[in-house]
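K.L.:
Structure supplied as work-v4.tsv; contents: TSV, C-alpha atoms.
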```
chain	number	residue	atom	x	y	z
A	1	MET	CA	50.14	20.04	-44.80
A	2	ARG	CA	48.74	17.77	-47.50
A	3	ILE	CA	51.74	17.54	-49.84
A	4	ALA	CA	51.50	15.88	-53.26
A	5	LEU	CA	54.86	14.80	-54.71
A	6	THR	CA	55.73	13.74	-58.25
A	7	ALA	CA	58.88	12.98	-60.26
A	8	PHE	CA	59.60	12.33	-63.94
A	9	THR	CA	62.83	10.28	-63.95
A	10	ARG	CA	64.33	7.34	-62.04
A	11	ARG	CA	66.82	9.58	-60.22
A	12	GLY	CA	64.11	12.08	-59.44
A	13	GLY	CA	61.89	9.26	-58.26
A	14	ALA	CA	64.51	8.16	-55.73
A	15	LEU	CA	64.68	11.69	-54.29
A	16	ALA	CA	60.89	12.02	-54.29
A	17	ARG	CA	60.59	8.80	-52.31
A	18	GLU	CA	63.11	10.09	-49.73
A	19	LEU	CA	61.25	13.40	-49.41
A	20	PHE	CA	57.94	11.53	-49.16
A	21	ARG	CA	59.32	9.52	-46.24
A	22	ALA	CA	60.98	12.46	-44.46
A	23	LEU	CA	58.05	14.86	-44.78
A	24	GLY	CA	55.65	12.13	-43.71
A	25	GLU	CA	57.71	11.50	-40.57
A	26	GLU	CA	57.40	15.21	-39.79
A	27	GLY	CA	53.62	14.87	-39.67
A	28	HIS	CA	52.62	15.94	-43.16
A	29	THR	CA	50.10	13.91	-45.15
A	30	CYS	CA	51.91	13.02	-48.37
A	31	SER	CA	51.00	11.36	-51.64
A	32	LEU	CA	53.39	10.11	-54.32
A	33	ALA	CA	52.76	9.82	-58.07
A	34	CYS	CA	54.69	9.39	-61.30
A	35	PRO	CA	53.96	9.12	-65.04
A	36	ARG	CA	52.49	5.78	-66.07
A	37	ARG	CA	55.54	5.10	-68.24
A	38	LEU	CA	57.59	4.84	-65.00
A	39	GLU	CA	55.08	2.73	-63.12
A	40	GLU	CA	57.17	-0.44	-63.19
A	41	ALA	CA	60.49	1.31	-62.53
A	42	LEU	CA	59.37	3.45	-59.60
A	43	ALA	CA	56.46	1.45	-58.17
A	44	PHE	CA	54.81	4.60	-56.81
A	45	PRO	CA	51.33	4.31	-55.26
A	46	GLU	CA	49.77	6.52	-57.97
A	47	THR	CA	50.36	7.06	-61.68
A	48	TYR	CA	49.00	9.43	-64.31
A	49	GLU	CA	49.02	9.87	-68.08
A	50	ARG	CA	49.47	13.66	-68.15
A	51	VAL	CA	51.20	15.67	-65.44
A	52	GLY	CA	48.82	18.57	-66.14
A	53	ASP	CA	45.83	16.41	-65.21
A	54	TRP	CA	47.59	15.32	-62.02
A	55	ALA	CA	48.36	18.95	-61.14
A	56	GLY	CA	44.75	19.99	-61.69
A	57	ALA	CA	43.45	17.29	-59.39
A	58	ARG	CA	46.01	18.13	-56.71
A	59	PHE	CA	45.16	21.84	-56.85
A	60	ALA	CA	41.72	20.81	-55.60
A	61	ASP	CA	42.74	18.47	-52.77
A	62	SER	CA	46.26	19.41	-51.61
A	63	ASP	CA	47.93	22.21	-49.67
A	64	ALA	CA	51.18	21.89	-51.61
A	65	LEU	CA	52.56	20.36	-54.80
A	66	LEU	CA	56.21	19.30	-54.85
A	67	PHE	CA	57.75	18.58	-58.26
A	68	VAL	CA	61.08	16.75	-58.43
A	69	GLY	CA	62.49	17.74	-61.78
A	70	ALA	CA	62.77	20.73	-64.08
A	71	SER	CA	60.92	23.87	-62.98
A	72	GLY	CA	59.69	24.39	-66.53
A	73	ILE	CA	57.68	21.18	-66.39
A	74	ALA	CA	56.07	22.30	-63.14
A	75	VAL	CA	55.25	25.76	-64.52
A	76	ARG	CA	53.54	24.37	-67.61
A	77	ALA	CA	51.65	21.80	-65.54
A	78	ILE	CA	50.17	24.30	-63.08
A	79	ALA	CA	49.61	27.22	-65.47
A	80	PRO	CA	45.93	26.48	-66.32
A	81	TYR	CA	44.98	26.26	-62.64
A	82	VAL	CA	46.64	29.34	-61.11
A	83	ARG	CA	43.96	31.68	-59.78
A	84	ASP	CA	44.65	33.54	-56.53
A	85	LYS	CA	47.62	33.85	-54.16
A	86	LEU	CA	45.30	33.60	-51.16
A	87	THR	CA	43.74	30.29	-52.23
A	88	ASP	CA	46.20	28.57	-54.60
A	89	PRO	CA	48.27	25.78	-53.03
A	90	ALA	CA	51.99	26.12	-52.51
A	91	VAL	CA	54.06	24.88	-55.44
A	92	VAL	CA	57.75	23.99	-55.15
A	93	SER	CA	60.12	22.39	-57.60
A	94	VAL	CA	63.45	20.81	-56.71
A	95	ASP	CA	65.95	19.47	-59.23
A	96	GLU	CA	66.60	15.75	-59.09
A	97	ALA	CA	70.04	16.31	-57.53
A	98	GLY	CA	68.42	18.27	-54.70
A	99	ARG	CA	70.59	21.34	-55.23
A	100	PHE	CA	67.93	24.02	-55.60
A	101	ALA	CA	64.41	24.10	-54.14
A	102	VAL	CA	62.39	26.79	-55.90
A	103	PRO	CA	59.07	28.15	-54.56
A	104	LEU	CA	56.98	28.82	-57.67
A	105	LEU	CA	53.58	29.78	-56.28
A	106	SER	CA	52.04	31.00	-53.00
A	107	GLY	CA	55.36	31.70	-51.31
A	108	HIS	CA	53.91	33.38	-48.23
A	109	VAL	CA	50.23	32.59	-47.74
A	110	GLY	CA	50.47	29.09	-49.17
A	111	GLY	CA	53.77	28.30	-47.44
A	112	ALA	CA	55.88	27.56	-50.52
A	113	ASN	CA	58.87	29.50	-49.17
A	114	ASP	CA	58.91	27.51	-45.95
A	115	LEU	CA	58.41	24.24	-47.80
A	116	ALA	CA	61.30	25.07	-50.14
A	117	ARG	CA	63.52	25.81	-47.15
A	118	ARG	CA	62.56	22.51	-45.55
A	119	VAL	CA	63.20	20.56	-48.75
A	120	ALA	CA	66.60	22.24	-49.11
A	121	ALA	CA	67.46	21.32	-45.53
A	122	LEU	CA	66.57	17.70	-46.24
A	123	THR	CA	68.58	17.52	-49.48
A	124	GLY	CA	71.53	19.64	-48.39
A	125	GLY	CA	70.68	22.13	-51.12
A	126	GLU	CA	69.60	25.76	-51.26
A	127	ALA	CA	66.15	27.35	-51.24
A	128	ALA	CA	65.89	29.86	-54.09
A	129	VAL	CA	63.44	32.23	-52.38
A	130	SER	CA	62.80	35.37	-54.43
A	131	THR	CA	59.93	37.20	-52.69
A	132	ALA	CA	60.97	40.81	-52.03
A	133	THR	CA	60.31	40.85	-48.28
A	134	ASP	CA	62.44	37.73	-47.79
A	135	VAL	CA	65.26	38.97	-50.01
A	136	ASN	CA	65.36	42.29	-48.16
A	137	GLY	CA	64.83	40.83	-44.70
A	138	ARG	CA	61.51	42.61	-44.14
A	139	PHE	CA	58.49	41.49	-42.15
A	140	ALA	CA	55.93	39.70	-44.35
A	141	VAL	CA	52.52	40.13	-42.75
A	142	ASP	CA	50.85	37.53	-44.97
A	143	GLN	CA	53.41	34.86	-44.12
A	144	TRP	CA	53.26	35.67	-40.42
A	145	ALA	CA	49.46	35.44	-40.52
A	146	ARG	CA	49.63	32.04	-42.23
A	147	GLU	CA	52.07	30.75	-39.61
A	148	GLN	CA	49.67	31.82	-36.86
A	149	GLY	CA	46.70	30.25	-38.64
A	150	PHE	CA	44.96	33.63	-39.06
A	151	CYS	CA	42.54	34.48	-41.87
A	152	LEU	CA	43.28	37.57	-43.98
A	153	GLU	CA	40.63	40.12	-44.90
A	154	GLY	CA	41.89	42.83	-47.24
A	155	ARG	CA	44.06	41.65	-50.09
A	156	GLU	CA	44.97	45.12	-51.35
A	157	ALA	CA	45.93	46.24	-47.86
A	158	ALA	CA	48.27	43.25	-47.54
A	159	LYS	CA	50.03	44.23	-50.75
A	160	ALA	CA	50.23	47.85	-49.63
A	161	ILE	CA	51.76	46.88	-46.27
A	162	SER	CA	54.49	44.83	-47.95
A	163	ALA	CA	55.22	47.68	-50.37
A	164	ALA	CA	55.37	50.25	-47.55
A	165	LEU	CA	57.76	48.16	-45.44
A	166	LEU	CA	59.99	47.55	-48.46
A	167	ALA	CA	60.08	51.32	-49.04
A	168	GLY	CA	61.24	51.89	-45.46
A	169	GLU	CA	57.91	53.32	-44.28
A	170	THR	CA	56.08	52.44	-41.08
A	171	VAL	CA	52.71	50.70	-40.80
A	172	GLY	CA	50.35	50.57	-37.86
A	173	LEU	CA	49.35	47.63	-35.71
A	174	SER	CA	46.15	47.33	-33.71
A	175	SER	CA	45.62	44.23	-31.58
A	176	ASP	CA	42.75	43.10	-29.39
A	177	PHE	CA	45.16	40.61	-27.82
A	178	PRO	CA	48.32	41.00	-25.71
A	179	ILE	CA	51.69	41.08	-27.47
A	180	GLN	CA	54.84	39.45	-26.19
A	181	GLY	CA	58.27	40.61	-27.32
A	182	PRO	CA	59.38	43.28	-29.81
A	183	LEU	CA	57.52	44.33	-32.94
A	184	PRO	CA	58.99	43.82	-36.41
A	185	GLU	CA	60.98	46.66	-37.91
A	186	GLY	CA	58.64	49.24	-39.43
A	187	VAL	CA	55.58	48.15	-37.40
A	188	VAL	CA	54.32	50.60	-34.75
A	189	ARG	CA	51.36	50.65	-32.40
A	190	GLU	CA	50.40	54.14	-33.52
A	191	ASP	CA	47.87	55.77	-35.81
A	192	ARG	CA	48.93	55.41	-39.44
A	193	PRO	CA	47.18	55.70	-42.82
A	194	LEU	CA	47.94	52.02	-43.37
A	195	GLY	CA	48.11	49.12	-40.96
A	196	PHE	CA	46.85	45.73	-39.83
A	197	ALA	CA	44.50	44.75	-37.01
A	198	VAL	CA	44.46	41.42	-35.21
A	199	THR	CA	40.84	41.15	-34.18
A	200	LEU	CA	37.69	39.06	-34.14
A	201	ASP	CA	35.61	42.14	-34.98
A	202	GLU	CA	34.53	41.74	-38.60
A	203	ALA	CA	34.05	45.50	-38.99
A	204	LYS	CA	37.10	46.88	-37.20
A	205	ALA	CA	39.03	49.39	-39.33
A	206	PRO	CA	41.36	51.50	-37.15
A	207	PHE	CA	43.47	52.70	-40.10
A	208	GLY	CA	42.64	54.50	-43.32
A	209	GLN	CA	43.48	51.23	-45.07
A	210	THR	CA	43.21	48.20	-42.79
A	211	LEU	CA	44.19	44.58	-43.20
A	212	ARG	CA	42.21	42.46	-40.73
A	213	LEU	CA	43.82	39.29	-39.41
A	214	ILE	CA	41.22	36.99	-37.86
A	215	PRO	CA	42.48	34.36	-35.40
A	216	ARG	CA	40.53	31.09	-35.37
A	217	ILE	CA	40.03	30.83	-31.62
A	218	LEU	CA	36.24	30.64	-31.18
A	219	THR	CA	34.20	27.56	-30.31
A	220	LEU	CA	30.46	27.38	-30.90
A	221	GLY	CA	28.55	25.56	-28.18
A	222	ILE	CA	25.28	24.40	-29.75
A	223	GLY	CA	22.15	22.77	-28.40
A	224	CYS	CA	19.02	22.09	-30.44
A	225	ARG	CA	15.72	20.26	-30.48
A	226	ARG	CA	15.60	16.94	-32.24
A	227	GLY	CA	15.05	17.36	-35.98
A	228	THR	CA	16.17	21.00	-36.14
A	229	PRO	CA	17.32	21.67	-39.75
A	230	ALA	CA	20.79	22.93	-40.59
A	231	GLU	CA	19.33	26.18	-41.92
A	232	ALA	CA	17.82	27.02	-38.52
A	233	ILE	CA	21.10	26.31	-36.77
A	234	ALA	CA	22.96	28.47	-39.28
A	235	ARG	CA	20.54	31.37	-38.78
A	236	ALA	CA	20.91	31.17	-35.01
A	237	VAL	CA	24.70	31.03	-35.14
A	238	ASP	CA	25.01	33.84	-37.68
A	239	ALA	CA	22.66	36.06	-35.67
A	240	VAL	CA	24.73	35.60	-32.51
A	241	LEU	CA	28.02	36.29	-34.30
A	242	ALA	CA	26.62	39.34	-36.10
A	243	GLU	CA	25.12	40.80	-32.92
A	244	HIS	CA	28.50	40.63	-31.21
A	245	ARG	CA	30.48	41.67	-34.31
A	246	LEU	CA	32.41	38.42	-34.42
A	247	SER	CA	33.74	37.24	-37.76
A	248	PRO	CA	32.58	33.74	-38.75
A	249	LYS	CA	36.17	33.21	-39.92
A	250	GLY	CA	37.19	33.22	-36.26
A	251	VAL	CA	35.27	30.00	-35.55
A	252	LYS	CA	37.44	26.88	-35.41
A	253	GLN	CA	34.98	24.22	-34.15
A	254	ALA	CA	31.57	23.43	-32.73
A	255	ALA	CA	30.74	21.48	-29.59
A	256	THR	CA	27.70	19.79	-28.07
A	257	ILE	CA	26.54	16.92	-25.87
A	258	ASP	CA	27.10	13.39	-27.17
A	259	LEU	CA	23.32	12.86	-27.34
A	260	LYS	CA	23.48	15.12	-30.42
A	261	LYS	CA	26.42	13.46	-32.14
A	262	ASP	CA	24.14	11.97	-34.81
A	263	GLU	CA	21.76	14.94	-35.14
A	264	PRO	CA	21.40	15.37	-38.95
A	265	GLY	CA	20.89	19.13	-38.95
A	266	LEU	CA	23.84	19.79	-36.68
A	267	LEU	CA	26.09	17.47	-38.68
A	268	ALA	CA	25.02	19.14	-41.93
A	269	PHE	CA	25.69	22.60	-40.49
A	270	CYS	CA	29.20	21.61	-39.41
A	271	GLN	CA	29.95	19.98	-42.74
A	272	ASP	CA	28.78	23.05	-44.63
A	273	ARG	CA	30.99	25.33	-42.50
A	274	GLY	CA	33.95	22.97	-42.47
A	275	LEU	CA	33.89	22.71	-38.68
A	276	PRO	CA	34.80	19.68	-36.59
A	277	LEU	CA	32.14	18.74	-34.04
A	278	ARG	CA	33.29	17.88	-30.51
A	279	CYS	CA	30.84	15.83	-28.45
A	280	TYR	CA	30.94	15.24	-24.68
A	281	PRO	CA	28.92	13.03	-22.30
A	282	ALA	CA	26.53	14.66	-19.87
A	283	GLU	CA	28.49	13.65	-16.79
A	284	GLU	CA	31.64	15.25	-18.17
A	285	LEU	CA	29.83	18.50	-18.94
A	286	ALA	CA	28.11	18.51	-15.57
A	287	GLY	CA	31.46	18.21	-13.82
A	288	LEU	CA	32.85	21.44	-15.27
A	289	PRO	CA	33.43	24.17	-12.67
A	290	GLY	CA	31.98	27.61	-13.33
A	291	ASP	CA	28.74	29.57	-13.51
A	292	PHE	CA	26.41	28.44	-16.30
A	293	THR	CA	22.84	29.35	-17.19
A	294	PRO	CA	20.72	26.51	-15.74
A	295	SER	CA	17.60	25.02	-17.30
A	296	ALA	CA	15.43	22.46	-15.53
A	297	PHE	CA	13.99	21.37	-18.86
A	298	VAL	CA	17.43	20.75	-20.37
A	299	GLN	CA	18.45	18.94	-17.19
A	300	GLY	CA	15.47	16.61	-17.51
A	301	VAL	CA	16.11	15.83	-21.17
A	302	THR	CA	19.92	15.59	-21.26
A	303	GLY	CA	21.06	15.01	-17.70
A	304	VAL	CA	22.96	18.31	-17.53
A	305	ASP	CA	21.59	21.78	-16.78
A	306	ASN	CA	23.18	23.50	-19.80
A	307	VAL	CA	24.50	22.12	-23.07
A	308	CYS	CA	25.72	25.04	-25.18
A	309	GLU	CA	27.74	26.96	-22.56
A	310	ARG	CA	29.28	23.90	-20.96
A	311	SER	CA	30.24	22.25	-24.25
A	312	ALA	CA	31.77	25.50	-25.56
A	313	VAL	CA	33.93	25.83	-22.45
A	314	ARG	CA	34.82	22.12	-22.41
A	315	ALA	CA	36.07	22.34	-26.00
A	316	GLY	CA	38.40	25.22	-25.22
A	317	GLY	CA	38.66	28.65	-23.68
A	318	GLU	CA	36.58	30.95	-21.53
A	319	LEU	CA	32.92	31.71	-22.09
A	320	LEU	CA	32.69	34.81	-24.27
A	321	ILE	CA	28.97	34.84	-25.12
A	322	PRO	CA	26.53	33.10	-22.77
A	323	LYS	CA	23.51	31.11	-23.91
A	324	GLN	CA	21.46	32.73	-26.67
A	325	ALA	CA	18.20	30.93	-27.49
A	326	GLY	CA	15.78	31.09	-30.38
A	327	GLY	CA	14.06	28.88	-32.94
A	328	GLY	CA	14.77	25.70	-31.04
A	329	VAL	CA	18.51	26.40	-31.01
A	330	THR	CA	20.82	27.54	-28.20
A	331	VAL	CA	24.22	29.02	-28.98
A	332	ALA	CA	27.14	30.01	-26.75
A	333	VAL	CA	30.66	31.03	-27.74
A	334	SER	CA	33.97	30.46	-25.98
A	335	GLN	CA	37.33	32.00	-26.83
A	336	ALA	CA	40.72	30.32	-26.51
A	337	PRO	CA	43.55	32.44	-25.06
A	338	LEU	CA	45.88	34.16	-27.51
A	339	THR	CA	49.12	36.10	-27.12
A	340	LEU	CA	50.84	37.48	-30.21
A	341	CYS	CA	54.56	37.01	-30.78
A	342	PHE	CA	56.64	38.16	-33.75
A	343	THR	CA	59.82	36.30	-32.88
A	344	ARG	CA	60.75	32.66	-33.19
A	345	SER	CA	61.82	30.70	-30.16
A	346	GLU	CA	65.50	31.19	-30.99
A	347	GLY	CA	65.00	34.94	-31.16
A	348	GLU	CA	64.80	35.32	-34.95
A	349	MET	CA	62.34	37.99	-36.05
A	350	LEU	CA	59.54	36.62	-38.20
```
What do you get writing this file as structure tokens?
P.N.:
Amino acid sequence: MRIALTAFTRRGGALARELFRALGEEGHTCSLACPRRLEEALAFPETYERVGDWAGARFADSDALLFVGASGIAVRAIAPYVRDKLTDPAVVSVDEAGRFAVPLLSGHVGGANDLARRVAALTGGEAAVSTATDVNGRFAVDQWAREQGFCLEGREAAKAISAALLAGETVGLSSDFPIQGPLPEGVVREDRPLGFAVTLDEAKAPFGQTLRLIPRILTLGIGCRRGTPAEAIARAVDAVLAEHRLSPKGVKQAATIDLKKDEPGLLAFCQDRGLPLRCYPAEELAGLPGDFTPSAFVQGVTGVDNVCERSAVRAGGELLIPKQAGGGVTVAVSQAPLTLCFTRSEGEML
């Protein structure tokens, strides 16, 4: 996570620095800021005049905001920027003694509950988690989806599922992927008026009210003529995904031959979609085992008989959609393996 930390006092600053160090060692990307009046005392890398301005900027570029100090200060600072539980960053406040870590915003989807628990573990304090599913020990589908890296489609269905489980009702589960271990209490693989589907199918709706959870496990293998614009690549990709009823939200990356690593249209397409681009040399692609659609023309130009299929497979998974060509663009899609699990490694139900 990209975690932005701030504190308002000397004592709070000392705790913020410790949390900055500890969370950074755990692999998070952390930033540290304080009011300008404390610049000399705390010597933090960043300072600000108004905490509200700092909060607004961090809402745009961070996954989580961690305030060390009074919760009221944090609430007033973030109030103008709160918009949507599915897109707002996690916000946690912890008192300067480290006794109570309080998730204030985006407890499940944003990860504030988990961050509060981690902060409490680091300070020896307590996480004051108040979301109903956590308090009552019920399965929280939105939190589970976030932990798996799945995208949610169906906000109202997510709320309805939480409400139904809290009321002791059962909800349905449909999965296009194998499941390992037991299901959470109240979740059944049966027909129900309400349920959630783990699928790449952007139109799948097996229940009267369906929450779709889209795993990001697809790789786009792309080949194109020199000078192909981003718009043409986007049209080709979208046509392939639509024809096979695959949600664009399931795409995690694109892949191609290293000859195309500086292709402006391809780079612009990936930037627009927020996709990393993996590039591989011809000899590496040519050495992949498997059956691929050969092209003598592509072999003569690139040194390998197929770019899109081979690069998709090289980047991860099995070939799901073979080469589709049109408009100077070739597209193939691979899918990484996925098995669902609702229990943690130590046996705790998620």
K.L.:
Just give me the gap between CA of Phe44 in chain A and CA of Thr6 in chain A in Å, one decimal is fine.
P.N.:
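One can read the CA of Phe44 in chain A to CA of Thr6 in chain A distance as 9.3 Å.
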K.L.:
So, with all atoms listed in the file as the atoms that count, which of A:Leu285, A:Val119, A:Ala22, A:Met1 lies closest to Asp61 in chain A?
P.N.:
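Using all atoms listed in the file, Asp61 in chain A sits closest to A:Met1.
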K.L.:
Of the residues A:Val313, A:Ala127, A:Ile321, A:Ala120, which is the one nearest to Pro103 in chain A, using all atoms listed in the file?
P.N.:
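Among A:Val313, A:Ala127, A:Ile321, A:Ala120, it is A:Ala127 that comes nearest to Pro103 in chain A.
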K.L.:
What are the nearest atom pairs, with distances in Å to one decimal, for all residues of range 83-153 of chain A that come at most 10 Å from range 174-185 of chain A, using all atoms listed in the file, set out by chain and rising residue number as a Markdown table?
P.N.:
```
| residue | atom | partner | partner_atom | distance |
| --- | --- | --- | --- | --- |
| A:Gly137 | CA | A:Glu185 | CA | 9.7 |
| A:Arg138 | CA | A:Glu185 | CA | 7.4 |
| A:Phe139 | CA | A:Pro184 | CA | 6.2 |
| A:Ala140 | CA | A:Pro184 | CA | 9.5 |
| A:Val141 | CA | A:Pro184 | CA | 9.8 |
```
K.L.:
Write out as a tab-separated table a residue-level contact list of range 199-228 of chain A versus range 189-194 of chain A with cut-off 9 Å: for each qualifying residue the closest pair of atoms and the distance in Å to one decimal, counting all atoms listed in the file, rows sorted by chain and residue number upward.
P.N.:
```
residue	atom	partner	partner_atom	distance
A:Pro206	CA	A:Asp191	CA	7.9
A:Phe207	CA	A:Pro193	CA	5.5
A:Gly208	CA	A:Pro193	CA	4.7
A:Gln209	CA	A:Leu194	CA	4.8
A:Thr210	CA	A:Leu194	CA	6.1
A:Leu211	CA	A:Leu194	CA	8.3
```
K.L.:
With distances taken over all atoms listed in the file, which of A:Phe59, A:Lys204, A:Gly326, A:Val198 is nearest to Arg235 in chain A?
P.N.:
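That would be A:Gly326, the residue with the smallest distance to Arg235 in chain A.
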K.L.:
Separation of CA of Ser247 in chain A and CA of Gln335 in chain A, in Å?
P.N.:
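Atom-to-atom, CA of Ser247 in chain A to CA of Gln335 in chain A, that is 12.6 Å.
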K.L.:
Within 12 Å of Asp258 in chain A, counting only C-alpha atoms, which residues qualify if same-chain residues fewer than 6 places away don't, as a list in words?
P.N.:
Ile222, Gly223, Leu266, Leu277, Arg278, Cys279, Tyr280, Pro281, Ala282, Glu283, Glu284, Leu285, Thr302, Gly303, Val304, Val307, Cys308 and Ser311 of chain A
K.L.:
What is the CA of Pro89 in chain A-CA of Thr29 in chain A distance in Å, reported with one decimal?
P.N.:
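About the pair CA of Pro89 in chain A and CA of Thr29 in chain A: they are 14.4 Å apart.
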K.L.:
Within 6 Å of Ser93 in chain A, counting only C-alpha atoms, which residues show up once you throw out same-chain ones fewer than 2 positions away? Write them as an MDAnalysis selection string, please.
P.N.:
chainID A and resid 66:68 71 101:102
K.L.:
Take the residues from that selection and put them in a file with C-alpha atoms, as a PDB file, in the frame of the given file.
P.N.:
```pdb
ATOM      1  CA  LEU A  66      56.210  19.300 -54.850  1.00  0.00           C
ATOM      2  CA  PHE A  67      57.750  18.580 -58.260  1.00  0.00           C
ATOM      3  CA  VAL A  68      61.080  16.750 -58.430  1.00  0.00           C
ATOM      4  CA  SER A  71      60.920  23.870 -62.980  1.00  0.00           C
ATOM      5  CA  ALA A 101      64.410  24.100 -54.140  1.00  0.00           C
ATOM      6  CA  VAL A 102      62.390  26.790 -55.900  1.00  0.00           C
TER       7      VAL A 102
END
```
K.L.:
For each of A:Ala14, A:Ala232, A:Cys224, A:Leu32, take the minimum atom-to-atom distance to Lys261 in chain A, counting all atoms listed in the file, then give the residue where this is smallest.
P.N.:
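Looking at the shortest contact to Lys261 in chain A, the residue is A:Cys224.
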K.L.:
Looking at A:Ala43, A:Ala112, A:Ala286, A:Ala90, which one is nearest to Asp63 in chain A, with distances taken over all atoms listed in the file?
P.N.:
A:Ala90
K.L.:
Could you tell me which of A:Ala121, A:Ala332, A:Thr228, A:Glu147 comes closest to Leu319 in chain A if we count all atoms listed in the file?
P.N.:
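Result for the nearest residue to Leu319 in chain A: A:Ala332.
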K.L.:
Kindly provide, as a list in words, the polymer residues lying within 9 Å of (51.5, 17.5, -69.7), counting only C-alpha atoms and using the coordinates exactly as they appear in the file.
P.N.:
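Nearby residues: Glu49, Arg50, Val51, Gly52, Asp53, Trp54, Ile73, Arg76 and Ala77 of chain A.
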K.L.:
For range 241-246 of chain A, list every protein, DNA or RNA residue within 9 Å, evaluated using all atoms listed in the file, and leave out those in the same chain fewer than 6 positions away; present the list as a VMD selection string.
P.N.:
chain A and resid 199 to 204 321 333
K.L.:
Is it possible to add all heavy atoms to range 266-271 of chain A and hand it back as an mmCIF file, in the coordinates of the input?
P.N.:
```
data_model
loop_
_atom_site.group_PDB
_atom_site.id
_atom_site.type_symbol
_atom_site.label_atom_id
_atom_site.label_comp_id
_atom_site.auth_asym_id
_atom_site.auth_seq_id
_atom_site.Cartn_x
_atom_site.Cartn_y
_atom_site.Cartn_z
ATOM 1 N N LEU A 266 22.596 19.304 -37.262
ATOM 2 C CA LEU A 266 23.840 19.790 -36.680
ATOM 3 C C LEU A 266 25.043 19.288 -37.477
ATOM 4 O O LEU A 266 25.994 20.035 -37.744
ATOM 5 C CB LEU A 266 23.941 19.353 -35.223
ATOM 6 C CG LEU A 266 25.165 19.833 -34.434
ATOM 7 C CD1 LEU A 266 25.295 21.343 -34.494
ATOM 8 C CD2 LEU A 266 25.089 19.348 -32.988
ATOM 9 N N LEU A 267 24.997 18.025 -37.869
ATOM 10 C CA LEU A 267 26.090 17.470 -38.680
ATOM 11 C C LEU A 267 26.175 18.175 -40.022
ATOM 12 O O LEU A 267 27.277 18.473 -40.517
ATOM 13 C CB LEU A 267 25.884 15.970 -38.876
ATOM 14 C CG LEU A 267 26.006 15.102 -37.623
ATOM 15 C CD1 LEU A 267 25.668 13.652 -37.949
ATOM 16 C CD2 LEU A 267 27.410 15.199 -37.036
ATOM 17 N N ALA A 268 25.027 18.458 -40.637
ATOM 18 C CA ALA A 268 25.020 19.140 -41.930
ATOM 19 C C ALA A 268 25.547 20.564 -41.797
ATOM 20 O O ALA A 268 26.285 21.051 -42.673
ATOM 21 C CB ALA A 268 23.608 19.150 -42.510
ATOM 22 N N PHE A 269 25.186 21.245 -40.725
ATOM 23 C CA PHE A 269 25.690 22.600 -40.490
ATOM 24 C C PHE A 269 27.210 22.590 -40.380
ATOM 25 O O PHE A 269 27.903 23.406 -41.005
ATOM 26 C CB PHE A 269 25.082 23.177 -39.214
ATOM 27 C CG PHE A 269 25.792 24.392 -38.692
ATOM 28 C CD1 PHE A 269 25.589 25.632 -39.277
ATOM 29 C CD2 PHE A 269 26.684 24.278 -37.631
ATOM 30 C CE1 PHE A 269 26.263 26.754 -38.804
ATOM 31 C CE2 PHE A 269 27.361 25.395 -37.150
ATOM 32 C CZ PHE A 269 27.152 26.633 -37.744
ATOM 33 N N CYS A 270 27.751 21.684 -39.590
ATOM 34 C CA CYS A 270 29.200 21.610 -39.410
ATOM 35 C C CYS A 270 29.915 21.255 -40.705
ATOM 36 O O CYS A 270 30.968 21.814 -41.023
ATOM 37 C CB CYS A 270 29.549 20.608 -38.311
ATOM 38 S SG CYS A 270 29.070 21.140 -36.650
ATOM 39 N N GLN A 271 29.342 20.354 -41.460
ATOM 40 C CA GLN A 271 29.950 19.980 -42.740
ATOM 41 C C GLN A 271 29.957 21.161 -43.702
ATOM 42 O O GLN A 271 30.954 21.421 -44.382
ATOM 43 C CB GLN A 271 29.204 18.806 -43.358
ATOM 44 C CG GLN A 271 29.815 18.330 -44.682
ATOM 45 C CD GLN A 271 29.100 17.105 -45.226
ATOM 46 O OE1 GLN A 271 28.006 16.772 -44.805
ATOM 47 N NE2 GLN A 271 29.726 16.433 -46.165
#
```
